[in-house]
>>> print(open('final.txt').read())   # compact mmCIF, C-alpha atoms (C1' of nucleotides)
# COMPACT_ATOMS: atom_id res chain seq x y z
CA MET A 1 -173.74 18.47 -151.89
CA PRO A 2 -175.43 20.39 -154.64
CA GLU A 3 -179.10 20.99 -154.08
CA LEU A 4 -181.28 23.77 -155.35
CA PRO A 5 -179.38 26.79 -153.93
CA GLU A 6 -176.04 25.31 -154.96
CA VAL A 7 -177.22 24.75 -158.52
CA GLU A 8 -178.80 28.21 -158.67
CA ASN A 9 -175.55 29.66 -157.34
CA THR A 10 -173.64 27.79 -160.03
CA LYS A 11 -175.97 29.19 -162.67
CA ARG A 12 -175.35 32.74 -161.41
CA TYR A 13 -171.62 32.03 -161.24
CA LEU A 14 -171.52 30.89 -164.86
CA ILE A 15 -173.38 33.96 -166.07
CA GLU A 16 -171.29 36.37 -163.98
CA SER A 17 -168.15 34.66 -165.23
CA GLY A 18 -169.12 35.57 -168.76
CA ILE A 19 -170.06 32.20 -170.21
CA VAL A 20 -172.66 33.83 -172.46
CA GLY A 21 -171.08 34.43 -175.87
CA LEU A 22 -168.27 31.91 -175.43
CA GLN A 23 -167.86 29.48 -178.27
CA PHE A 24 -167.17 25.74 -177.84
CA GLU A 25 -164.04 24.47 -179.52
CA SER A 26 -163.10 21.11 -178.03
CA VAL A 27 -163.89 18.86 -175.11
CA TRP A 28 -162.05 16.43 -172.87
CA THR A 29 -163.38 13.85 -170.43
CA ASP A 30 -162.05 11.14 -168.17
CA SER A 31 -165.51 9.70 -167.47
CA PRO A 32 -167.12 8.75 -170.81
CA THR A 33 -169.81 6.78 -169.00
CA LYS A 34 -171.23 10.01 -167.58
CA TRP A 35 -172.29 11.28 -170.99
CA MET A 36 -175.97 10.54 -171.45
CA GLY A 37 -177.41 10.58 -174.96
CA ILE A 38 -174.20 11.85 -176.51
CA THR A 39 -170.50 11.05 -176.75
CA GLU A 40 -167.69 13.59 -176.68
CA GLU A 41 -167.26 13.17 -180.43
CA ALA A 42 -170.96 13.63 -181.08
CA PHE A 43 -170.97 16.60 -178.73
CA LEU A 44 -168.39 18.33 -180.87
CA SER A 45 -170.28 17.57 -184.06
CA VAL A 46 -173.30 19.35 -182.57
CA PHE A 47 -171.77 22.13 -180.47
CA ARG A 48 -168.43 22.95 -182.06
CA ASP A 49 -168.36 26.71 -182.82
CA ALA A 50 -171.74 27.14 -181.12
CA LYS A 51 -172.00 30.19 -178.87
CA VAL A 52 -173.54 29.96 -175.42
CA VAL A 53 -176.76 31.98 -175.43
CA MET A 54 -177.89 31.58 -171.81
CA VAL A 55 -177.75 29.32 -168.77
CA GLU A 56 -180.96 28.31 -167.05
CA ARG A 57 -181.81 26.03 -164.15
CA VAL A 58 -184.53 23.38 -164.17
CA ALA A 59 -184.76 21.71 -160.77
CA LYS A 60 -181.18 20.58 -160.09
CA TYR A 61 -180.23 20.61 -163.77
CA LEU A 62 -178.24 23.35 -165.45
CA VAL A 63 -179.44 24.00 -168.98
CA ILE A 64 -176.66 25.27 -171.22
CA GLN A 65 -178.43 26.97 -174.11
CA THR A 66 -176.44 27.46 -177.30
CA GLU A 67 -177.02 28.54 -180.85
CA ASN A 68 -177.12 24.85 -181.79
CA GLY A 69 -179.51 23.72 -179.08
CA ASP A 70 -179.34 22.86 -175.39
CA PHE A 71 -177.56 20.34 -173.27
CA LEU A 72 -177.83 19.69 -169.53
CA LEU A 73 -175.37 19.37 -166.70
CA HIS A 74 -176.20 17.65 -163.43
CA LEU A 75 -173.73 18.06 -160.59
CA GLY A 76 -174.67 14.83 -158.82
CA MET A 77 -173.25 14.59 -155.33
CA THR A 78 -169.87 16.23 -155.59
CA GLY A 79 -169.91 18.17 -158.84
CA TRP A 80 -168.85 21.81 -159.20
CA LEU A 81 -168.03 24.04 -162.15
CA ARG A 82 -165.47 26.71 -162.86
CA ILE A 83 -164.62 28.84 -165.83
CA GLN A 84 -160.86 29.21 -165.83
CA ASN A 85 -158.01 30.03 -168.12
CA VAL A 86 -156.16 27.14 -169.75
CA ASP A 87 -153.02 28.24 -167.93
CA ASN A 88 -154.74 27.78 -164.58
CA PRO A 89 -153.62 24.39 -163.15
CA ALA A 90 -156.40 21.82 -163.42
CA HIS A 91 -157.97 20.56 -160.22
CA LYS A 92 -157.26 16.91 -159.49
CA PHE A 93 -160.97 16.09 -159.63
CA ALA A 94 -161.53 17.67 -163.07
CA ARG A 95 -163.57 15.08 -164.98
CA HIS A 96 -164.80 17.01 -167.99
CA VAL A 97 -163.37 20.10 -169.64
CA PHE A 98 -165.15 22.17 -172.28
CA HIS A 99 -162.59 24.30 -174.04
CA PHE A 100 -163.70 27.59 -175.60
CA ASN A 101 -162.09 29.41 -178.50
CA ASP A 102 -160.57 32.13 -176.33
CA SER A 103 -158.28 30.16 -173.97
CA ARG A 104 -160.94 29.78 -171.32
CA GLU A 105 -162.45 26.44 -170.23
CA LEU A 106 -165.56 25.26 -168.44
CA ARG A 107 -164.21 22.74 -165.95
CA PHE A 108 -166.44 20.14 -164.33
CA MET A 109 -164.93 18.80 -161.11
CA ASP A 110 -166.60 15.72 -159.61
CA SER A 111 -164.77 13.48 -157.18
CA ARG A 112 -167.45 10.76 -156.96
CA LYS A 113 -168.46 10.88 -160.61
CA PHE A 114 -172.19 11.10 -160.00
CA GLY A 115 -172.48 14.13 -162.23
CA LYS A 116 -173.80 13.85 -165.77
CA ILE A 117 -173.80 15.56 -169.13
CA ILE A 118 -177.15 15.02 -170.82
CA TYR A 119 -178.30 15.60 -174.37
CA GLY A 120 -181.75 14.95 -175.78
CA GLU A 121 -184.13 13.81 -173.08
CA PRO A 122 -184.98 16.70 -170.74
CA PRO A 123 -185.59 15.86 -167.07
CA LYS A 124 -189.10 14.96 -166.04
CA VAL A 125 -190.99 18.08 -165.11
CA SER A 126 -192.50 17.76 -161.68
CA VAL A 127 -195.94 18.76 -160.52
CA LEU A 128 -194.97 21.81 -158.50
CA CYS A 129 -193.38 25.07 -159.51
CA ASP A 130 -189.80 25.71 -158.41
CA PRO A 131 -189.40 26.09 -154.62
CA LEU A 132 -187.46 29.32 -155.19
CA ALA A 133 -190.38 30.74 -157.18
CA GLU A 134 -192.97 32.99 -155.58
CA GLY A 135 -195.97 30.69 -156.06
CA PHE A 136 -194.49 27.54 -154.57
CA ALA A 137 -196.89 25.79 -152.18
CA LEU A 138 -197.05 22.18 -150.98
CA GLU A 139 -200.84 22.35 -151.02
CA ASP A 140 -200.64 22.47 -154.81
CA LEU A 141 -199.51 18.83 -154.80
CA GLY A 142 -203.20 18.03 -154.83
CA LEU A 143 -205.28 15.46 -153.02
CA SER A 144 -203.85 12.47 -154.91
CA VAL A 145 -200.46 13.15 -153.31
CA LEU A 146 -201.57 14.82 -150.06
CA SER A 147 -203.68 11.78 -149.14
CA ARG A 148 -200.85 9.28 -149.38
CA LYS A 149 -199.38 7.35 -146.46
CA ARG A 150 -195.84 8.01 -147.62
CA SER A 151 -193.61 9.96 -145.23
CA ILE A 152 -193.30 13.70 -145.74
CA LYS A 153 -189.53 13.40 -146.05
CA SER A 154 -189.83 10.87 -148.84
CA ILE A 155 -192.33 13.09 -150.64
CA LEU A 156 -190.14 16.18 -150.33
CA MET A 157 -187.19 14.35 -151.87
CA ASP A 158 -189.22 12.88 -154.75
CA GLN A 159 -188.01 14.76 -157.82
CA SER A 160 -191.09 13.77 -159.80
CA LEU A 161 -193.23 15.66 -157.29
CA ILE A 162 -191.08 18.56 -156.09
CA PRO A 163 -188.27 19.97 -158.19
CA GLY A 164 -184.89 20.36 -156.59
CA LEU A 165 -185.08 19.56 -152.89
CA GLY A 166 -182.44 17.15 -151.60
CA ASN A 167 -181.60 15.42 -148.39
CA LEU A 168 -180.07 18.32 -146.45
CA TYR A 169 -182.61 21.07 -147.18
CA THR A 170 -185.40 18.57 -146.54
CA ASP A 171 -184.08 17.79 -143.07
CA GLU A 172 -183.48 21.47 -142.34
CA SER A 173 -186.95 22.52 -143.47
CA LEU A 174 -188.67 19.80 -141.44
CA PHE A 175 -186.61 20.79 -138.42
CA GLN A 176 -187.53 24.46 -138.84
CA ALA A 177 -191.20 23.53 -139.22
CA GLY A 178 -191.16 21.18 -136.21
CA ILE A 179 -192.44 18.27 -138.27
CA ASN A 180 -191.21 14.71 -137.78
CA PRO A 181 -189.76 13.37 -141.04
CA PHE A 182 -191.64 10.05 -140.67
CA THR A 183 -195.04 11.77 -140.55
CA PRO A 184 -197.28 10.43 -143.35
CA ILE A 185 -198.19 13.35 -145.55
CA TYR A 186 -201.92 12.74 -145.14
CA LYS A 187 -201.62 13.50 -141.43
CA LEU A 188 -200.30 17.01 -141.98
CA SER A 189 -202.77 19.85 -141.48
CA VAL A 190 -203.14 22.73 -143.90
CA GLY A 191 -201.39 24.89 -141.34
CA GLN A 192 -198.45 22.51 -141.16
CA LEU A 193 -198.19 22.38 -144.95
CA ASP A 194 -198.18 26.18 -145.07
CA LEU A 195 -195.52 26.36 -142.38
CA LEU A 196 -193.38 23.75 -144.11
CA THR A 197 -193.75 25.61 -147.40
CA GLU A 198 -192.44 28.77 -145.75
CA LYS A 199 -189.56 26.96 -144.05
CA ILE A 200 -188.50 25.35 -147.33
CA LYS A 201 -188.40 28.77 -148.98
CA THR A 202 -186.53 30.46 -146.14
CA SER A 203 -183.92 27.72 -145.77
CA LEU A 204 -183.23 27.79 -149.51
CA ILE A 205 -183.12 31.57 -149.72
CA ARG A 206 -180.91 31.85 -146.67
CA SER A 207 -178.24 29.72 -148.31
CA LEU A 208 -178.61 31.48 -151.63
CA ASP A 209 -178.08 34.84 -149.91
CA GLU A 210 -174.91 33.46 -148.33
CA TYR A 211 -173.66 32.29 -151.70
CA ASP A 212 -174.35 35.68 -153.25
CA LEU A 213 -171.89 37.18 -150.76
CA VAL A 214 -168.97 34.83 -151.45
CA ARG A 215 -169.45 33.85 -155.08
CA GLY A 216 -166.32 34.58 -157.09
CA VAL A 217 -164.16 35.43 -154.06
CA ASP A 218 -162.27 32.13 -154.07
CA ASP A 219 -162.59 29.91 -157.09
CA SER A 220 -160.30 27.18 -155.89
CA GLU A 221 -162.92 25.07 -154.09
CA PRO A 222 -166.70 24.57 -154.28
CA TYR A 223 -168.85 26.80 -152.12
CA PHE A 224 -171.28 24.31 -150.73
CA SER A 225 -169.44 23.50 -147.53
CA MET A 226 -170.34 26.69 -145.67
CA THR A 227 -174.13 26.46 -145.74
CA PRO A 228 -175.49 27.70 -142.42
CA TRP A 229 -177.61 24.87 -141.03
CA ASP A 230 -179.61 25.16 -137.84
CA ILE A 231 -180.13 21.43 -137.61
CA GLN A 232 -177.33 19.38 -136.07
CA ARG A 233 -176.41 16.62 -138.49
CA LYS A 234 -174.75 14.36 -135.96
CA GLU A 235 -176.42 11.68 -133.90
CA ASN A 236 -176.55 12.37 -130.14
CA ASP A 237 -175.33 15.94 -130.52
CA PRO A 238 -177.55 18.43 -128.69
CA CYS A 239 -180.39 20.01 -130.65
CA SER A 240 -179.63 23.68 -131.37
CA LYS A 241 -183.12 24.67 -130.18
CA CYS A 242 -183.81 22.56 -127.10
CA GLY A 243 -180.64 20.62 -126.27
CA ALA A 244 -182.21 17.17 -126.59
CA LEU A 245 -180.08 14.55 -128.33
CA MET A 246 -180.46 14.38 -132.09
CA GLN A 247 -181.91 11.20 -133.55
CA PHE A 248 -180.67 9.38 -136.64
CA SER A 249 -182.67 7.14 -138.99
CA ARG A 250 -182.73 6.25 -142.63
CA ILE A 251 -185.58 7.25 -144.91
CA ASN A 252 -185.25 6.06 -148.51
CA ALA A 253 -181.71 5.06 -147.57
CA ARG A 254 -180.92 8.70 -146.83
CA GLY A 255 -179.39 9.70 -143.53
CA THR A 256 -182.10 11.57 -141.63
CA TYR A 257 -181.55 13.71 -138.53
CA TYR A 258 -184.33 15.04 -136.32
CA CYS A 259 -185.11 16.12 -132.77
CA LEU A 260 -187.88 14.17 -131.04
CA GLU A 261 -188.63 17.13 -128.75
CA CYS A 262 -188.93 19.72 -131.52
CA GLN A 263 -190.29 17.27 -134.11
CA PRO A 264 -192.54 14.87 -132.18
CA MET A 265 -194.11 11.86 -133.85
C1' DA I 266 -200.01 3.05 -159.35
C1' DG I 267 -197.21 3.56 -155.55
C1' DT I 268 -193.30 2.34 -153.18
C1' DA I 269 -188.77 0.20 -152.02
C1' DC I 270 -184.40 -1.05 -153.16
C1' DG I 271 -180.05 -1.92 -155.90
C1' DT I 272 -176.69 0.48 -158.78
C1' DC I 273 -173.22 3.68 -159.91
C1' DC I 274 -168.57 5.86 -157.80
C1' DT I 275 -164.46 7.08 -154.98
C1' DG I 276 -162.60 10.35 -151.31
C1' DA I 277 -163.00 10.72 -146.50
C1' DT I 278 -163.44 8.64 -142.28
C1' DC I 279 -163.55 4.86 -139.06
C1' DG I 280 -161.73 0.94 -136.50
C1' DC I 281 -158.58 -2.53 -135.42
C1' DT J 282 -148.87 4.40 -137.95
C1' DG J 283 -151.00 1.92 -141.42
C1' DC J 284 -154.35 -0.26 -143.96
C1' DG J 285 -158.65 -2.40 -145.11
C1' DA J 286 -163.66 -1.66 -144.36
C1' DT J 287 -167.32 1.35 -144.30
C1' DC J 288 -169.95 5.48 -145.36
C1' DA J 289 -172.05 9.20 -148.15
C1' DG J 290 -176.29 9.80 -151.62
C1' DG J 291 -179.10 11.97 -156.68
C1' DA J 292 -181.42 9.83 -160.04
C1' DC J 293 -182.64 5.97 -162.52
C1' DG J 294 -183.91 1.13 -163.42
C1' DT J 295 -186.03 -2.81 -161.68
C1' DA J 296 -189.03 -5.40 -158.74
C1' DC J 297 -192.73 -6.18 -155.77
>>> encode(input="final.txt", output="structure tokens")
Amino acid sequence: MPELPEVENTKRYLIESGIVGLQFESVWTDSPTKWMGITEEAFLSVFRDAKVVMVERVAKYLVIQTENGDFLLHLGMTGWLRIQNVDNPAHKFARHVFHFNDSRELRFMDSRKFGKIIYGEPPKVSVLCDPLAEGFALEDLGLSVLSRKRSIKSILMDQSLIPGLGNLYTDESLFQAGINPFTPIYKLSVGQLDLLTEKIKTSLIRSLDEYDLVRGVDDSEPYFSMTPWDIQRKENDPCSKCGALMQFSRINARGTYYCLECQPM
DNA sequence: AGTACGTCCTGATCGC
DNA sequence: TGCGATCAGGACGTAC
């Protein structure tokens, strides 16, 4: 599912596909409830004839900047975007289509309909800088967060604290760092926080590098299925490092996999 | 204030 | 083989 590398990849895809300069003409949706702060009709009254100026990413949000202001796209769990010609058959999960004035369309596919189109309220900006940015460091969360009893996994997935990490990259980073996901954050040493910071960066960048190689090769399906995980995401499968059986629990109702040998309590 | 949990949503998978 | 039940979870709202 889309997390930070997937959204960043989508941003790069949109720019490479030439979205900048395209001009909105009309819009179609089959999920009106997924429009936050704006209806399709209101969207057209604001963005009709507006040219796309740039696409940015804020956490897991895509910011579509136009001459007439910005709106946001969130891919939710199963969302993916393509810029395709009108003649190109629509995917069965196409939920929203933004038609441009030159026979191209921005198509928003989303089987589970968790994705959103947002106008007005920007997402809450979290405390830390983006994990893909150079200066990212968990230590910068500050004592008020680092002294909490809350589990490190729960902290890492909290979008109001850290922008953009989701369930899968959190599990992978904790696995790479050898840290048990249940560990209260206050019990982590400075060294462990540094290590975890590095593992978060490397797991994100590794996927992004993979995406850079395949982006644009096959537009028919989303890219996020081929992410190279080291962690085994199946209970009782052998750990890829030590062979012990993988454990499964739920943290914040999210499926959590870990190895008790490599990530002791 | 911090934390936990219900809600949305439907394709894929599981189990009888 | 078929069909109903269950599972998956990002972000937000509500509740404790």
>>> atom_distance(input="final.txt", atom1="CA of Gly69 (chain A)", atom2="CA of Arg82 (chain A)")
21.7 Å
>>> atom_distance(input="final.txt", atom1="CA of Ile251 (chain A)", atom2="CA of Asn167 (chain A)")
9.7 Å
>>> closest_atom_pairs(input="final.txt", of="region 34-127 of chain A", to="chain I", cutoff="8 Å", atoms="all atoms listed in the file", output="Markdown table")
| residue | atom | partner | partner_atom | distance |
| --- | --- | --- | --- | --- |
| A:Ser111 | CA | I:DT275 | C1' | 6.8 |
| A:Arg112 | CA | I:DC274 | C1' | 5.1 |
| A:Lys113 | CA | I:DC274 | C1' | 5.8 |
| A:Phe114 | CA | I:DC274 | C1' | 6.7 |
>>> interface_residues(input="final.txt", of="chain A", to="chain J", cutoff="10 Å", atoms="all atoms listed in the file", output="tab-separated table (two decimals) with C-alpha atoms, keeping the file's coordinate frame")
chain	number	residue	atom	x	y	z
A	1	MET	CA	-173.74	18.47	-151.89
A	2	PRO	CA	-175.43	20.39	-154.64
A	3	GLU	CA	-179.10	20.99	-154.08
A	60	LYS	CA	-181.18	20.58	-160.09
A	74	HIS	CA	-176.20	17.65	-163.43
A	75	LEU	CA	-173.73	18.06	-160.59
A	76	GLY	CA	-174.67	14.83	-158.82
A	77	MET	CA	-173.25	14.59	-155.33
A	78	THR	CA	-169.87	16.23	-155.59
A	114	PHE	CA	-172.19	11.10	-160.00
A	115	GLY	CA	-172.48	14.13	-162.23
A	157	MET	CA	-187.19	14.35	-151.87
A	158	ASP	CA	-189.22	12.88	-154.75
A	159	GLN	CA	-188.01	14.76	-157.82
A	166	GLY	CA	-182.44	17.15	-151.60
A	167	ASN	CA	-181.60	15.42	-148.39
A	253	ALA	CA	-181.71	5.06	-147.57
A	254	ARG	CA	-180.92	8.70	-146.83
A	255	GLY	CA	-179.39	9.70	-143.53
>>> residues_around(input="final.txt", residues="Asp194 (chain A)", least_positions_apart="6", cutoff="8 Å", atoms="only C-alpha atoms (C1' of nucleotides)", output="PDB file with C-alpha atoms, in the frame of the given file")
ATOM      1  CA  ALA A 137    -196.890  25.790-152.180  1.00  0.00           C
ATOM      2  CA  LEU A 138    -197.050  22.180-150.980  1.00  0.00           C
ATOM      3  CA  GLU A 139    -200.840  22.350-151.020  1.00  0.00           C
TER       4      GLU A 139
END
>>> atom_distance(input="final.txt", atom1="CA of Leu132 (chain A)", atom2="CA of Leu204 (chain A)")
7.2 Å
>>> residues_around(input="final.txt", residues="region 32-47 of chain A", least_positions_apart="3", cutoff="6 Å", atoms="all atoms listed in the file", output="ChimeraX atom specification")
/A:50,116-119
>>> residues_around(input="final.txt", residues="region 228-233 of chain A", least_positions_apart="5", cutoff="7 Å", atoms="all atoms listed in the file", output="list in words")
Glu172, Phe175, Ser207, Cys239, Ser240 and Tyr257 of chain A
>>> residues_around(input="final.txt", residues="Val55 (chain A)", least_positions_apart="6", cutoff="12 Å", atoms="only C-alpha atoms (C1' of nucleotides)", output="ChimeraX atom specification")
/A:7-22,61-66,69-73
